[in-house]
Amino acid sequence: MLFRHLPAALAALALALLALALPPGGVAPAQAQPLFDSRAPNILVIDHGTGQVLLDRNSDEPLPPASMSKLMTLLMLFEAIEDGRVAMDTTWSVSERAHTMGGSRMFLETRDRPSTEDLIRGIAVLSGNDASVVVAEGLAGSEEAFARIATARAQQLGMNNTTIANASGWPDPNHLMSLRDLATLAAHLIDNHPRFYGYLAEESFTWNNIPQPNRLPLLGTGLGLDGLKTGFTSATGNALVGSALQGNRRVIFVFSGMPSPEARAEEAERIINWAFRQFTQRRVAREGEALARAEVWMGEAREVPMVAPRALSVLMPALGEGELRARVEYDGPVEAPIVAGQELGRLVIEVPQMEDVSFPLVAGADVAAGGFVPRMRSAALVLAGHLGLTAP
């Protein structure tokens with residue numbers, strides 16, 4: 001149920017948020033949030049730290065992902081390495097099917113025996129269709145079997161608008177991913193596979209004496225771009241799933257439908273500049289700060305503090321108007337026993353001109369199950385509620 005009584009701690013938080021939203025004179029600026037006029041017909045921009053959506057257009061529509069879907073192939077390979085099924089120095093066979101793949105290539109020959117690390121670079125840096133097929137066949141026996149396994153893995157990650165038909169992103173009517181799914185995949189790689197993420201930003205790789213540059217634009221330009229993948233098909237246009245880090249903020253963005261690689265690079269730079277310059281970060285709570293108290297059912301204590309499990313912050317439009325509002329939601333009373341760190345509810349922040357932001361709140365202390373007296377007290381509270389009486 002909605003937390004009906006605003007405790008002193010949360011009231012203080014609301015006042016603090018209001019103070020943050022207003023300039024020193026106490027009057028909200030009249031300007032609305034500057035609109036970003038993206039040239040991409042399909043686009044999603046997310047602040048990675050807060051999870052806030054900064055811009056969204058057609059993010060849930062399944063679209064041909066082109067080579068951006070190679071991130072799924074890399075994920076399957078990274079998980080195989082971490083599970084111990086393959087090692088970085090494991091060697092792989094190159095089939096005739098892999099060797100004859102067109103499009104972007106690592107230029108693998110059937111006589112070659114590339115290592116796992118070679119194939120990571122061949123996919124991450126060179127976007128090699130041949131390297132992608134080698135990985136698919138080596139992990140699952142065939143590219144068709146790999147596609148079934150990769151689709152199932154995508155569903156496990158919550159990528160509900162994804163169907164994988166091949167390992168390379170080669171055009172196929174059944175090979176589809178939404179922008180949101182690609183952003184989810186990018187965030188998963190960043191958060192869960194930092195050991196391998198750096199390969200995506202390597203500027204070049206040489207195989208069989210053929211040097212090739214990374215197809216990712218803006219590397220080394222000082223904008224903070226450090227991944228992930230470009231893509232192109234006639235249906236998709238020029239597309240990109242990217243991530244940039246400036247200071248302690250990371251932004252993930254996905255867009256498609258650009259007419260040329262040059263237009264794609266220009267749009268990526270515009271997105272990065274806008275995302276980092278047109279929003280300000282405001283602290284909401286310190287790690288461990290109590291923001292509310294939850295009623296406890298059948299416990300040694302009648303209440304338990306609900307605290308922030310980590311430092312919490314939100315983004316606001318730099319020139320936005322209005323005020324931040326906060327509310328706490330939880331289903332209560334919460335039945336004991338309760339363990340410190342157990343998630344009890346959510347802190348919801350309403351940000352002007354943006355989607356609401358929700359953070360978990362956890363128990364700030366253990367609460368043991370009550371003995372006879374606390375249980376009788378809880379029973380009396382229920383009975384009093386039914387009879388409309390004042391509880392003892």
# chains A, B, ... in the order shown; residues from 1 in each chain; ligands from 1
call {"tool": "residues_around", "arguments": {"residues": "segment 170-173 of chain A", "least_positions_apart": "6", "cutoff": "12 Å", "atoms": "only C-alpha atoms", "output": "ChimeraX atom specification"}}
result
/A:62-70,101-104,127-130,132-133,143,147,163-164,231-236
call {"tool": "residues_around", "arguments": {"residues": "segment 72-79 of chain A", "least_positions_apart": "4", "cutoff": "9 Å", "atoms": "only C-alpha atoms", "output": "count of residues only"}}
result
26
call {"tool": "select_by_dssp", "arguments": {"residues": "segment 102-234 of chain A", "states": "helix (DSSP H, G or I)", "output": "ChimeraX atom specification"}}
result
/A:116-124,129-140,143-156,179-192,194-201
call {"tool": "closest_atom_pairs", "arguments": {"of": "segment 209-302 of chain A", "to": "segment 356-367 of chain A", "cutoff": "9 Å", "atoms": "only C-alpha atoms", "output": "Markdown table"}}
result
| residue | atom | partner | partner_atom | distance |
| --- | --- | --- | --- | --- |
| A:Gly288 | CA | A:Gly364 | CA | 7.3 |
| A:Glu289 | CA | A:Gly364 | CA | 8.7 |
| A:Ala290 | CA | A:Gly364 | CA | 7.4 |
| A:Leu291 | CA | A:Leu361 | CA | 8.3 |
| A:Ala292 | CA | A:Leu361 | CA | 9.0 |
| A:Arg293 | CA | A:Ala363 | CA | 8.9 |
| A:Ala294 | CA | A:Ala363 | CA | 8.6 |
| A:Val296 | CA | A:Val367 | CA | 8.3 |
| A:Gly299 | CA | A:Val367 | CA | 6.2 |
| A:Glu300 | CA | A:Val367 | CA | 6.3 |
| A:Ala301 | CA | A:Val367 | CA | 6.4 |
call {"tool": "residues_around", "arguments": {"residues": "Val53 of chain A", "least_positions_apart": "5", "cutoff": "9 Å", "atoms": "only C-alpha atoms", "output": "short mmCIF file (atom, residue, chain, number, x, y, z; two decimals) with N, CA and C atoms, in the first residue's frame"}}
result
data_model
loop_
_atom_site.label_atom_id
_atom_site.label_comp_id
_atom_site.auth_asym_id
_atom_site.auth_seq_id
_atom_site.Cartn_x
_atom_site.Cartn_y
_atom_site.Cartn_z
N LEU A 44 17.32 5.96 -27.82
CA LEU A 44 17.14 5.82 -26.38
C LEU A 44 18.43 6.28 -25.71
N VAL A 45 18.31 7.18 -24.72
CA VAL A 45 19.46 7.66 -23.96
C VAL A 45 19.14 7.46 -22.48
N ILE A 46 20.05 6.79 -21.77
CA ILE A 46 19.83 6.44 -20.36
C ILE A 46 21.05 6.86 -19.55
N ASP A 47 20.81 7.49 -18.40
CA ASP A 47 21.88 7.73 -17.43
C ASP A 47 22.09 6.43 -16.66
N MET A 354 10.43 14.72 -16.51
CA MET A 354 11.09 13.44 -16.73
C MET A 354 10.27 12.34 -16.08
N GLU A 355 10.61 11.10 -16.40
CA GLU A 355 9.95 9.98 -15.77
C GLU A 355 10.32 9.90 -14.29
#
call {"tool": "closest_residue", "arguments": {"among": "A:Leu108, A:Ala336, A:Val134, A:Val254", "to": "Trp92 of chain A", "atoms": "only C-alpha atoms"}}
result
A:Val134
call {"tool": "select_by_dssp", "arguments": {"residues": "segment 39-265 of chain A", "states": "strand (DSSP E or B)", "output": "PyMOL selection string"}}
result
chain A and resi 42-47+53-57+63+91+115+163+176-177+204-207+210-213+225-233+237-246+249-258
call {"tool": "atom_distance", "arguments": {"atom1": "atom CA of Gly332 of chain A", "atom2": "atom CA of Ala369 of chain A"}}
result
15.6 Å
call {"tool": "atom_distance", "arguments": {"atom1": "atom CA of Gly224 of chain A", "atom2": "atom CA of Gly198 of chain A"}}
result
12.8 Å
call {"tool": "atom_distance", "arguments": {"atom1": "atom CA of Phe205 of chain A", "atom2": "atom CA of Leu176 of chain A"}}
result
28.5 Å
call {"tool": "decode", "arguments": {"residues": "segment 338-377 of chain A", "atoms": "C-alpha atoms", "output": "PDB file, in the first residue's frame"}}
result
ATOM      1  CA  ILE A 338      13.331  -8.981   9.303  1.00  0.00           C
ATOM      2  CA  VAL A 339      17.009  -9.011   8.352  1.00  0.00           C
ATOM      3  CA  ALA A 340      19.024  -5.801   7.938  1.00  0.00           C
ATOM      4  CA  GLY A 341      19.460  -5.120   4.231  1.00  0.00           C
ATOM      5  CA  GLN A 342      16.177  -6.813   3.305  1.00  0.00           C
ATOM      6  CA  GLU A 343      14.291  -4.795   0.690  1.00  0.00           C
ATOM      7  CA  LEU A 344      11.112  -3.383   2.212  1.00  0.00           C
ATOM      8  CA  GLY A 345       9.894  -0.707  -0.192  1.00  0.00           C
ATOM      9  CA  ARG A 346      10.728   1.944  -2.731  1.00  0.00           C
ATOM     10  CA  LEU A 347      11.587   5.625  -2.688  1.00  0.00           C
ATOM     11  CA  VAL A 348       9.931   7.276  -5.685  1.00  0.00           C
ATOM     12  CA  ILE A 349      11.230  10.652  -6.842  1.00  0.00           C
ATOM     13  CA  GLU A 350       9.063  12.700  -9.175  1.00  0.00           C
ATOM     14  CA  VAL A 351      11.375  14.753 -11.409  1.00  0.00           C
ATOM     15  CA  PRO A 352       9.819  17.600 -13.407  1.00  0.00           C
ATOM     16  CA  GLN A 353       9.604  16.926 -17.155  1.00  0.00           C
ATOM     17  CA  MET A 354      11.091  13.443 -16.731  1.00  0.00           C
ATOM     18  CA  GLU A 355       9.947   9.984 -15.767  1.00  0.00           C
ATOM     19  CA  ASP A 356       9.720   9.116 -12.068  1.00  0.00           C
ATOM     20  CA  VAL A 357      12.818   7.516 -10.555  1.00  0.00           C
ATOM     21  CA  SER A 358      12.471   4.592  -8.140  1.00  0.00           C
ATOM     22  CA  PHE A 359      15.094   3.368  -5.669  1.00  0.00           C
ATOM     23  CA  PRO A 360      14.925   0.410  -3.271  1.00  0.00           C
ATOM     24  CA  LEU A 361      14.773   1.000   0.484  1.00  0.00           C
ATOM     25  CA  VAL A 362      16.039  -1.708   2.833  1.00  0.00           C
ATOM     26  CA  ALA A 363      15.699  -2.557   6.497  1.00  0.00           C
ATOM     27  CA  GLY A 364      18.179  -0.641   8.633  1.00  0.00           C
ATOM     28  CA  ALA A 365      18.150  -3.190  11.458  1.00  0.00           C
ATOM     29  CA  ASP A 366      17.260  -6.771  12.319  1.00  0.00           C
ATOM     30  CA  VAL A 367      13.884  -7.367  13.904  1.00  0.00           C
ATOM     31  CA  ALA A 368      13.401 -10.759  15.530  1.00  0.00           C
ATOM     32  CA  ALA A 369      10.065 -12.517  15.592  1.00  0.00           C
ATOM     33  CA  GLY A 370       8.202 -11.521  18.724  1.00  0.00           C
ATOM     34  CA  GLY A 371       7.362 -13.698  21.701  1.00  0.00           C
ATOM     35  CA  PHE A 372       3.980 -14.028  23.360  1.00  0.00           C
ATOM     36  CA  VAL A 373       3.507 -10.356  24.321  1.00  0.00           C
ATOM     37  CA  PRO A 374       4.356  -8.835  20.896  1.00  0.00           C
ATOM     38  CA  ARG A 375       2.142 -11.391  19.195  1.00  0.00           C
ATOM     39  CA  MET A 376      -0.753 -10.575  21.499  1.00  0.00           C
ATOM     40  CA  ARG A 377      -0.174  -6.879  20.834  1.00  0.00           C
TER      41      ARG A 377
END
